[in-house]
Amino acid sequence: MIYEEETYVELHDGRKGLIVLVRSDERTQYDIELANGELTTVYHQEVARPVDMPTK
């Protein structure tokens, strides 16, 4: 499942954030704004699941 922009997700390391950009190249990557305001880029396999409500 490829996640869409504006989806809240939890990463395998426990961090949660909002997908702000999806890059579908050879390996799908997501730019995610974490709960602390930090922006990070992760690969698709680093996303554990979508979450309904953002929490810190």
# chains A, B, ... in the order shown; residues from 1 in each chain; ligands from 1
>>> residues_around(residues="range 37-53 of chain A", least_positions_apart="3", cutoff="9 Å", atoms="only C-alpha atoms", output="list in words")
Ile2, Tyr3, Thr7, Tyr8, Val9, Glu10, Leu11, His12, Asp13, Gly14, Lys16, Gly17, Arg27, Thr28, Gln29, Tyr30, Asp31, Ile32, Glu33 and Leu34 of chain A
>>> select_by_dssp(residues="range 4-40 of chain A", states="strand (DSSP E)", output="number ranges by chain")
A: 8-11, 16-24, 28-34, 39-40
